[in-house]
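**Q** Provided herewith: query-v7.pdb, PDB, N, CA, C and O atoms.
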ATOM      1  N   MET A   1      15.235   0.014   9.698
ATOM      2  CA  MET A   1      15.395  -0.995   8.671
ATOM      3  C   MET A   1      14.131  -1.848   8.607
ATOM      4  O   MET A   1      13.594  -2.254   9.623
ATOM      5  N   VAL A   2      13.661  -2.131   7.397
ATOM      6  CA  VAL A   2      12.478  -2.950   7.191
ATOM      7  C   VAL A   2      12.877  -4.414   7.302
ATOM      8  O   VAL A   2      13.893  -4.821   6.740
ATOM      9  N   PRO A   3      12.111  -5.227   8.036
ATOM     10  CA  PRO A   3      12.443  -6.649   8.126
ATOM     11  C   PRO A   3      12.478  -7.291   6.740
ATOM     12  O   PRO A   3      11.708  -6.926   5.859
ATOM     13  N   GLU A   4      13.359  -8.275   6.571
ATOM     14  CA  GLU A   4      13.541  -8.893   5.263
ATOM     15  C   GLU A   4      12.255  -9.527   4.747
ATOM     16  O   GLU A   4      11.939  -9.444   3.578
ATOM     17  N   ILE A   5      11.480 -10.150   5.612
ATOM     18  CA  ILE A   5      10.255 -10.811   5.182
ATOM     19  C   ILE A   5       9.247  -9.818   4.609
ATOM     20  O   ILE A   5       8.486 -10.139   3.710
ATOM     21  N   ALA A   6       9.266  -8.579   5.091
ATOM     22  CA  ALA A   6       8.323  -7.574   4.610
ATOM     23  C   ALA A   6       8.626  -7.171   3.170
ATOM     24  O   ALA A   6       7.775  -6.636   2.500
ATOM     25  N   GLN A   7       9.823  -7.440   2.707
ATOM     26  CA  GLN A   7      10.195  -7.059   1.351
ATOM     27  C   GLN A   7       9.980  -8.201   0.362
ATOM     28  O   GLN A   7      10.342  -8.084  -0.790
ATOM     29  N   SER A   8       9.373  -9.301   0.805
ATOM     30  CA  SER A   8       9.206 -10.453  -0.069
ATOM     31  C   SER A   8       8.207 -10.151  -1.178
ATOM     32  O   SER A   8       7.176  -9.521  -0.950
ATOM     33  N   PRO A   9       8.507 -10.612  -2.381
ATOM     34  CA  PRO A   9       7.578 -10.409  -3.492
ATOM     35  C   PRO A   9       6.224 -11.071  -3.229
ATOM     36  O   PRO A   9       5.196 -10.593  -3.694
ATOM     37  N   GLU A  10       6.209 -12.164  -2.465
ATOM     38  CA  GLU A  10       4.958 -12.861  -2.168
ATOM     39  C   GLU A  10       4.017 -11.968  -1.363
ATOM     40  O   GLU A  10       2.816 -11.942  -1.628
ATOM     41  N   LEU A  11       4.548 -11.241  -0.397
ATOM     42  CA  LEU A  11       3.720 -10.361   0.419
ATOM     43  C   LEU A  11       3.161  -9.220  -0.423
ATOM     44  O   LEU A  11       1.975  -8.892  -0.345
ATOM     45  N   LEU A  12       4.001  -8.618  -1.246
ATOM     46  CA  LEU A  12       3.531  -7.542  -2.128
ATOM     47  C   LEU A  12       2.458  -8.063  -3.084
ATOM     48  O   LEU A  12       1.478  -7.375  -3.359
ATOM     49  N   ASP A  13       2.630  -9.288  -3.558
ATOM     50  CA  ASP A  13       1.646  -9.910  -4.438
ATOM     51  C   ASP A  13       0.300 -10.089  -3.725
ATOM     52  O   ASP A  13      -0.753  -9.801  -4.298
ATOM     53  N   LEU A  14       0.333 -10.546  -2.481
ATOM     54  CA  LEU A  14      -0.900 -10.722  -1.707
ATOM     55  C   LEU A  14      -1.601  -9.388  -1.468
ATOM     56  O   LEU A  14      -2.829  -9.290  -1.556
ATOM     57  N   ILE A  15      -0.827  -8.361  -1.180
ATOM     58  CA  ILE A  15      -1.411  -7.030  -0.965
ATOM     59  C   ILE A  15      -2.060  -6.537  -2.259
ATOM     60  O   ILE A  15      -3.183  -6.036  -2.248
ATOM     61  N   ASP A  16      -1.364  -6.715  -3.385
ATOM     62  CA  ASP A  16      -1.916  -6.291  -4.678
ATOM     63  C   ASP A  16      -3.194  -7.058  -5.012
ATOM     64  O   ASP A  16      -4.163  -6.485  -5.513
ATOM     65  N   GLN A  17      -3.211  -8.364  -4.728
ATOM     66  CA  GLN A  17      -4.406  -9.173  -4.960
ATOM     67  C   GLN A  17      -5.569  -8.687  -4.091
ATOM     68  O   GLN A  17      -6.711  -8.613  -4.545
ATOM     69  N   SER A  18      -5.260  -8.349  -2.850
ATOM     70  CA  SER A  18      -6.291  -7.847  -1.932
ATOM     71  C   SER A  18      -6.863  -6.521  -2.414
ATOM     72  O   SER A  18      -8.078  -6.301  -2.369
ATOM     73  N   LEU A  19      -6.000  -5.642  -2.894
ATOM     74  CA  LEU A  19      -6.463  -4.362  -3.439
ATOM     75  C   LEU A  19      -7.350  -4.585  -4.660
ATOM     76  O   LEU A  19      -8.379  -3.914  -4.817
ATOM     77  N   ALA A  20      -6.974  -5.528  -5.506
ATOM     78  CA  ALA A  20      -7.773  -5.829  -6.698
ATOM     79  C   ALA A  20      -9.139  -6.384  -6.296
ATOM     80  O   ALA A  20     -10.164  -6.026  -6.897
ATOM     81  N   LEU A  21      -9.180  -7.240  -5.281
ATOM     82  CA  LEU A  21     -10.458  -7.786  -4.814
ATOM     83  C   LEU A  21     -11.351  -6.699  -4.229
ATOM     84  O   LEU A  21     -12.565  -6.672  -4.487
ATOM     85  N   LEU A  22     -10.774  -5.796  -3.449
ATOM     86  CA  LEU A  22     -11.556  -4.689  -2.905
ATOM     87  C   LEU A  22     -12.158  -3.850  -4.029
ATOM     88  O   LEU A  22     -13.317  -3.436  -3.959
ATOM     89  N   ASN A  23     -11.375  -3.639  -5.065
ATOM     90  CA  ASN A  23     -11.854  -2.864  -6.210
ATOM     91  C   ASN A  23     -13.023  -3.567  -6.891
ATOM     92  O   ASN A  23     -14.021  -2.939  -7.248
ATOM     93  N   LYS A  24     -12.915  -4.893  -7.064
ATOM     94  CA  LYS A  24     -13.998  -5.665  -7.679
ATOM     95  C   LYS A  24     -15.258  -5.616  -6.829
ATOM     96  O   LYS A  24     -16.370  -5.493  -7.358
ATOM     97  N   ILE A  25     -15.088  -5.723  -5.511
ATOM     98  CA  ILE A  25     -16.249  -5.666  -4.611
ATOM     99  C   ILE A  25     -16.942  -4.317  -4.733
ATOM    100  O   ILE A  25     -18.166  -4.237  -4.843
ATOM    101  N   GLN A  26     -16.153  -3.239  -4.712
ATOM    102  CA  GLN A  26     -16.731  -1.895  -4.783
ATOM    103  C   GLN A  26     -17.500  -1.664  -6.076
ATOM    104  O   GLN A  26     -18.472  -0.926  -6.094
ATOM    105  N   LYS A  27     -17.072  -2.297  -7.168
ATOM    106  CA  LYS A  27     -17.710  -2.092  -8.464
ATOM    107  C   LYS A  27     -18.846  -3.072  -8.746
ATOM    108  O   LYS A  27     -19.583  -2.903  -9.706
ATOM    109  N   HIS A  28     -18.979  -4.081  -7.902
ATOM    110  CA  HIS A  28     -19.995  -5.109  -8.145
ATOM    111  C   HIS A  28     -21.393  -4.527  -7.954
ATOM    112  O   HIS A  28     -21.661  -3.824  -6.986
ATOM    113  N   PRO A  29     -22.324  -4.806  -8.885
ATOM    114  CA  PRO A  29     -23.676  -4.233  -8.782
ATOM    115  C   PRO A  29     -24.417  -4.661  -7.508
ATOM    116  O   PRO A  29     -25.169  -3.869  -6.951
ATOM    117  N   ASP A  30     -24.180  -5.882  -7.040
ATOM    118  CA  ASP A  30     -24.837  -6.328  -5.806
ATOM    119  C   ASP A  30     -24.331  -5.548  -4.594
ATOM    120  O   ASP A  30     -25.077  -5.267  -3.662
ATOM    121  N   PHE A  31     -23.057  -5.210  -4.616
ATOM    122  CA  PHE A  31     -22.508  -4.433  -3.494
ATOM    123  C   PHE A  31     -23.096  -3.025  -3.479
ATOM    124  O   PHE A  31     -23.413  -2.488  -2.422
ATOM    125  N   LYS A  32     -23.256  -2.452  -4.651
ATOM    126  CA  LYS A  32     -23.794  -1.089  -4.738
ATOM    127  C   LYS A  32     -25.215  -1.004  -4.188
ATOM    128  O   LYS A  32     -25.646   0.041  -3.716
ATOM    129  N   SER A  33     -25.947  -2.124  -4.225
ATOM    130  CA  SER A  33     -27.330  -2.105  -3.736
ATOM    131  C   SER A  33     -27.439  -2.400  -2.242
ATOM    132  O   SER A  33     -28.501  -2.241  -1.658
ATOM    133  N   VAL A  34     -26.338  -2.814  -1.614
ATOM    134  CA  VAL A  34     -26.353  -3.113  -0.172
ATOM    135  C   VAL A  34     -26.338  -1.806   0.612
ATOM    136  O   VAL A  34     -25.547  -0.906   0.314
ATOM    137  N   GLU A  35     -27.225  -1.724   1.582
ATOM    138  CA  GLU A  35     -27.257  -0.535   2.436
ATOM    139  C   GLU A  35     -26.794  -0.915   3.836
ATOM    140  O   GLU A  35     -27.479  -1.653   4.532
ATOM    141  N   TYR A  36     -25.650  -0.434   4.202
ATOM    142  CA  TYR A  36     -25.115  -0.676   5.535
ATOM    143  C   TYR A  36     -24.144   0.440   5.879
ATOM    144  O   TYR A  36     -23.673   1.153   5.004
ATOM    145  N   ALA A  37     -23.871   0.580   7.176
ATOM    146  CA  ALA A  37     -22.974   1.647   7.637
ATOM    147  C   ALA A  37     -21.934   1.049   8.584
ATOM    148  O   ALA A  37     -22.071   1.127   9.803
ATOM    149  N   PRO A  38     -20.891   0.440   8.015
ATOM    150  CA  PRO A  38     -19.865  -0.174   8.867
ATOM    151  C   PRO A  38     -18.958   0.874   9.511
ATOM    152  O   PRO A  38     -18.876   2.007   9.040
ATOM    153  N   ASP A  39     -18.295   0.471  10.590
ATOM    154  CA  ASP A  39     -17.314   1.355  11.229
ATOM    155  C   ASP A  39     -16.079   1.525  10.347
ATOM    156  O   ASP A  39     -15.435   2.563  10.361
ATOM    157  N   VAL A  40     -15.746   0.471   9.607
ATOM    158  CA  VAL A  40     -14.603   0.501   8.699
ATOM    159  C   VAL A  40     -15.143   0.246   7.298
ATOM    160  O   VAL A  40     -15.759  -0.780   7.039
ATOM    161  N   THR A  41     -14.911   1.183   6.397
ATOM    162  CA  THR A  41     -15.410   1.048   5.030
ATOM    163  C   THR A  41     -14.391   0.324   4.154
ATOM    164  O   THR A  41     -13.234   0.131   4.552
ATOM    165  N   LEU A  42     -14.814  -0.041   2.964
ATOM    166  CA  LEU A  42     -13.878  -0.641   2.015
ATOM    167  C   LEU A  42     -12.787   0.360   1.642
ATOM    168  O   LEU A  42     -11.643  -0.015   1.412
ATOM    169  N   GLY A  43     -13.124   1.630   1.625
ATOM    170  CA  GLY A  43     -12.117   2.664   1.369
ATOM    171  C   GLY A  43     -11.063   2.706   2.466
ATOM    172  O   GLY A  43      -9.879   2.891   2.192
ATOM    173  N   ASP A  44     -11.504   2.507   3.723
ATOM    174  CA  ASP A  44     -10.552   2.445   4.840
ATOM    175  C   ASP A  44      -9.626   1.245   4.681
ATOM    176  O   ASP A  44      -8.412   1.338   4.906
ATOM    177  N   ALA A  45     -10.213   0.101   4.315
ATOM    178  CA  ALA A  45      -9.424  -1.112   4.126
ATOM    179  C   ALA A  45      -8.429  -0.930   2.982
ATOM    180  O   ALA A  45      -7.268  -1.335   3.082
ATOM    181  N   GLU A  46      -8.885  -0.285   1.919
ATOM    182  CA  GLU A  46      -8.013  -0.020   0.778
ATOM    183  C   GLU A  46      -6.849   0.885   1.186
ATOM    184  O   GLU A  46      -5.691   0.628   0.843
ATOM    185  N   GLN A  47      -7.139   1.917   1.947
ATOM    186  CA  GLN A  47      -6.085   2.830   2.405
ATOM    187  C   GLN A  47      -5.080   2.104   3.289
ATOM    188  O   GLN A  47      -3.873   2.311   3.179
ATOM    189  N   ALA A  48      -5.572   1.224   4.153
ATOM    190  CA  ALA A  48      -4.679   0.452   5.023
ATOM    191  C   ALA A  48      -3.764  -0.441   4.192
ATOM    192  O   ALA A  48      -2.559  -0.546   4.480
ATOM    193  N   LEU A  49      -4.297  -1.062   3.152
ATOM    194  CA  LEU A  49      -3.477  -1.913   2.293
ATOM    195  C   LEU A  49      -2.467  -1.099   1.497
ATOM    196  O   LEU A  49      -1.333  -1.531   1.297
ATOM    197  N   ILE A  50      -2.860   0.078   1.055
ATOM    198  CA  ILE A  50      -1.929   0.950   0.324
ATOM    199  C   ILE A  50      -0.768   1.348   1.233
ATOM    200  O   ILE A  50       0.397   1.322   0.823
ATOM    201  N   GLU A  51      -1.083   1.696   2.481
ATOM    202  CA  GLU A  51      -0.021   2.063   3.429
ATOM    203  C   GLU A  51       0.858   0.865   3.760
ATOM    204  O   GLU A  51       2.083   0.998   3.876
ATOM    205  N   LEU A  52       0.246  -0.316   3.902
ATOM    206  CA  LEU A  52       1.018  -1.532   4.159
ATOM    207  C   LEU A  52       1.949  -1.819   2.988
ATOM    208  O   LEU A  52       3.118  -2.150   3.180
ATOM    209  N   ARG A  53       1.443  -1.649   1.771
ATOM    210  CA  ARG A  53       2.269  -1.886   0.586
ATOM    211  C   ARG A  53       3.461  -0.927   0.567
ATOM    212  O   ARG A  53       4.586  -1.310   0.270
ATOM    213  N   TRP A  54       3.203   0.332   0.874
ATOM    214  CA  TRP A  54       4.277   1.332   0.912
ATOM    215  C   TRP A  54       5.350   0.937   1.921
ATOM    216  O   TRP A  54       6.543   1.043   1.652
ATOM    217  N   GLU A  55       4.914   0.468   3.095
ATOM    218  CA  GLU A  55       5.859   0.089   4.148
ATOM    219  C   GLU A  55       6.647  -1.172   3.809
ATOM    220  O   GLU A  55       7.724  -1.390   4.349
ATOM    221  N   THR A  56       6.118  -2.016   2.928
ATOM    222  CA  THR A  56       6.804  -3.267   2.606
ATOM    223  C   THR A  56       7.726  -3.150   1.402
ATOM    224  O   THR A  56       8.467  -4.081   1.108
ATOM    225  N   LEU A  57       7.677  -2.014   0.706
ATOM    226  CA  LEU A  57       8.586  -1.838  -0.428
ATOM    227  C   LEU A  57      10.022  -1.702   0.077
ATOM    228  O   LEU A  57      10.259  -1.174   1.165
ATOM    229  N   PRO A  58      10.986  -2.178  -0.703
ATOM    230  CA  PRO A  58      12.390  -2.035  -0.291
ATOM    231  C   PRO A  58      12.744  -0.565  -0.075
ATOM    232  O   PRO A  58      12.280   0.304  -0.813
ATOM    233  N   GLN A  59      13.527  -0.319   0.932
ATOM    234  CA  GLN A  59      13.949   1.041   1.253
ATOM    235  C   GLN A  59      15.025   1.506   0.288
ATOM    236  O   GLN A  59      15.939   0.766  -0.041
ATOM    237  N   SER A  60      14.907   2.726  -0.166
ATOM    238  CA  SER A  60      15.934   3.333  -1.012
ATOM    239  C   SER A  60      17.031   3.892  -0.117
ATOM    240  O   SER A  60      16.764   4.325   1.000
ATOM    241  N   PRO A  61      18.255   3.904  -0.621
ATOM    242  CA  PRO A  61      19.321   4.514   0.179
ATOM    243  C   PRO A  61      19.068   6.012   0.337
ATOM    244  O   PRO A  61      18.491   6.653  -0.535
ATOM    245  N   ILE A  62      19.499   6.548   1.453
ATOM    246  CA  ILE A  62      19.347   7.977   1.714
ATOM    247  C   ILE A  62      20.324   8.739   0.823
ATOM    248  O   ILE A  62      21.498   8.406   0.727
ATOM    249  N   ILE A  63      19.819   9.752   0.167
ATOM    250  CA  ILE A  63      20.661  10.564  -0.722
ATOM    251  C   ILE A  63      21.095  11.816   0.032
ATOM    252  O   ILE A  63      20.280  12.544   0.582
ATOM    253  N   ASN A  64      22.376  12.047   0.053
ATOM    254  CA  ASN A  64      22.924  13.239   0.686
ATOM    255  C   ASN A  64      22.922  14.353  -0.359
ATOM    256  O   ASN A  64      23.833  14.459  -1.183
ATOM    257  N   ILE A  65      21.882  15.180  -0.325
ATOM    258  CA  ILE A  65      21.754  16.228  -1.351
ATOM    259  C   ILE A  65      22.871  17.261  -1.254
ATOM    260  O   ILE A  65      23.237  17.891  -2.239
ATOM    261  N   PHE A  66      23.438  17.425  -0.061
ATOM    262  CA  PHE A  66      24.509  18.382   0.093
ATOM    263  C   PHE A  66      25.770  17.912  -0.632
ATOM    264  O   PHE A  66      26.496  18.705  -1.238
ATOM    265  N   ALA A  67      26.013  16.602  -0.611
ATOM    266  CA  ALA A  67      27.167  16.058  -1.325
ATOM    267  C   ALA A  67      26.975  16.197  -2.828
ATOM    268  O   ALA A  67      27.932  16.450  -3.560
ATOM    269  N   LEU A  68      25.736  16.082  -3.289
ATOM    270  CA  LEU A  68      25.468  16.220  -4.715
ATOM    271  C   LEU A  68      25.757  17.648  -5.196
ATOM    272  O   LEU A  68      26.121  17.865  -6.346
ATOM    273  N   GLN A  69      25.573  18.617  -4.303
ATOM    274  CA  GLN A  69      25.786  20.016  -4.688
ATOM    275  C   GLN A  69      27.161  20.521  -4.273
ATOM    276  O   GLN A  69      27.434  21.712  -4.387
ATOM    277  N   GLY A  70      27.995  19.627  -3.778
ATOM    278  CA  GLY A  70      29.347  20.020  -3.421
ATOM    279  C   GLY A  70      29.486  20.607  -2.028
ATOM    280  O   GLY A  70      30.513  21.170  -1.692
ATOM    281  N   PHE A  71      28.471  20.494  -1.191
ATOM    282  CA  PHE A  71      28.524  21.030   0.172
ATOM    283  C   PHE A  71      28.810  19.919   1.166
ATOM    284  O   PHE A  71      27.990  19.593   2.007
ATOM    285  N   THR A  72      29.946  19.288   1.088
ATOM    286  CA  THR A  72      30.289  18.207   2.006
ATOM    287  C   THR A  72      31.158  18.719   3.123
ATOM    288  O   THR A  72      31.785  19.770   3.020
ATOM    289  N   ASN A  73      31.191  17.946   4.202
ATOM    290  CA  ASN A  73      32.020  18.322   5.371
ATOM    291  C   ASN A  73      33.467  18.097   5.094
ATOM    292  O   ASN A  73      33.956  17.220   4.602
TER     293      ASN A  73
END
Can you dump the structure from the file as structure tokens?

**A**
Amino acid sequence: MVPEIAQSPELLDLIDQSLALLNKIQKHPDFKSVEYAPDVTLGDAEQALIELRWETLPQSPIINIFALQGFTN
């Protein structure tokens, strides 16, 4: 079960804002001219936020596909 606080709209909003900021940084002309080799890239940070967002979404109920097809116990 996902903790209730993780499902808050405020947290999802912050994650979405962070993803939007990362996107702006990546597209900024000054950023494109910077030459550096970090251990963690902006793409890594973006992936981490995407996974965090996925984990904070409300859980869907489990669907019993066997019951849908008439194969119940």

**Q** Got a sec to tell me which of chain A DSSP assigns to helix (DSSP H, G or I), as a ChimeraX atom specification?

**A** /A:4-7,9-27,29-33,42-56,65-68

**Q** Could you give me, as a list of chain:residue names, the residues within 8 Å of region 40-53 of chain A, counting all atoms listed in the file and dropping anything in the same chain fewer than 6 positions from it?

**A**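 My reading of the contact set: A:Ala6, A:Leu11, A:Leu12, A:Ile15, A:Asp16, A:Ser18, A:Leu19, A:Leu22, A:Asn23, A:Gln26.
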
**Q** Which is closest to Pro9 (chain A) among A:Thr56, A:Ile62, A:Ala67, A:Phe31, if we use all atoms listed in the file?

**A**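 With all atoms listed in the file as the atom set, the closest residue is A:Thr56.
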
**Q** Would you work out the distance separating atom N of Pro58 (chain A) from CA of Leu14 (chain A), expressed in Å to one decimal?

**A**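 Here the two named atoms are 14.7 Å from each other.
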
**Q** Could you tell me how far atom C of Leu57 (chain A) sits from CA of Ser8 (chain A), in Å to one decimal place?

**A**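 Here the two named atoms are 8.8 Å from each other.
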
**Q** Grab the atom O of Ser60 (chain A) to atom N of Gln17 (chain A) distance for me, in Å with one decimal place.

**A**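 It comes out at 24.3 Å.
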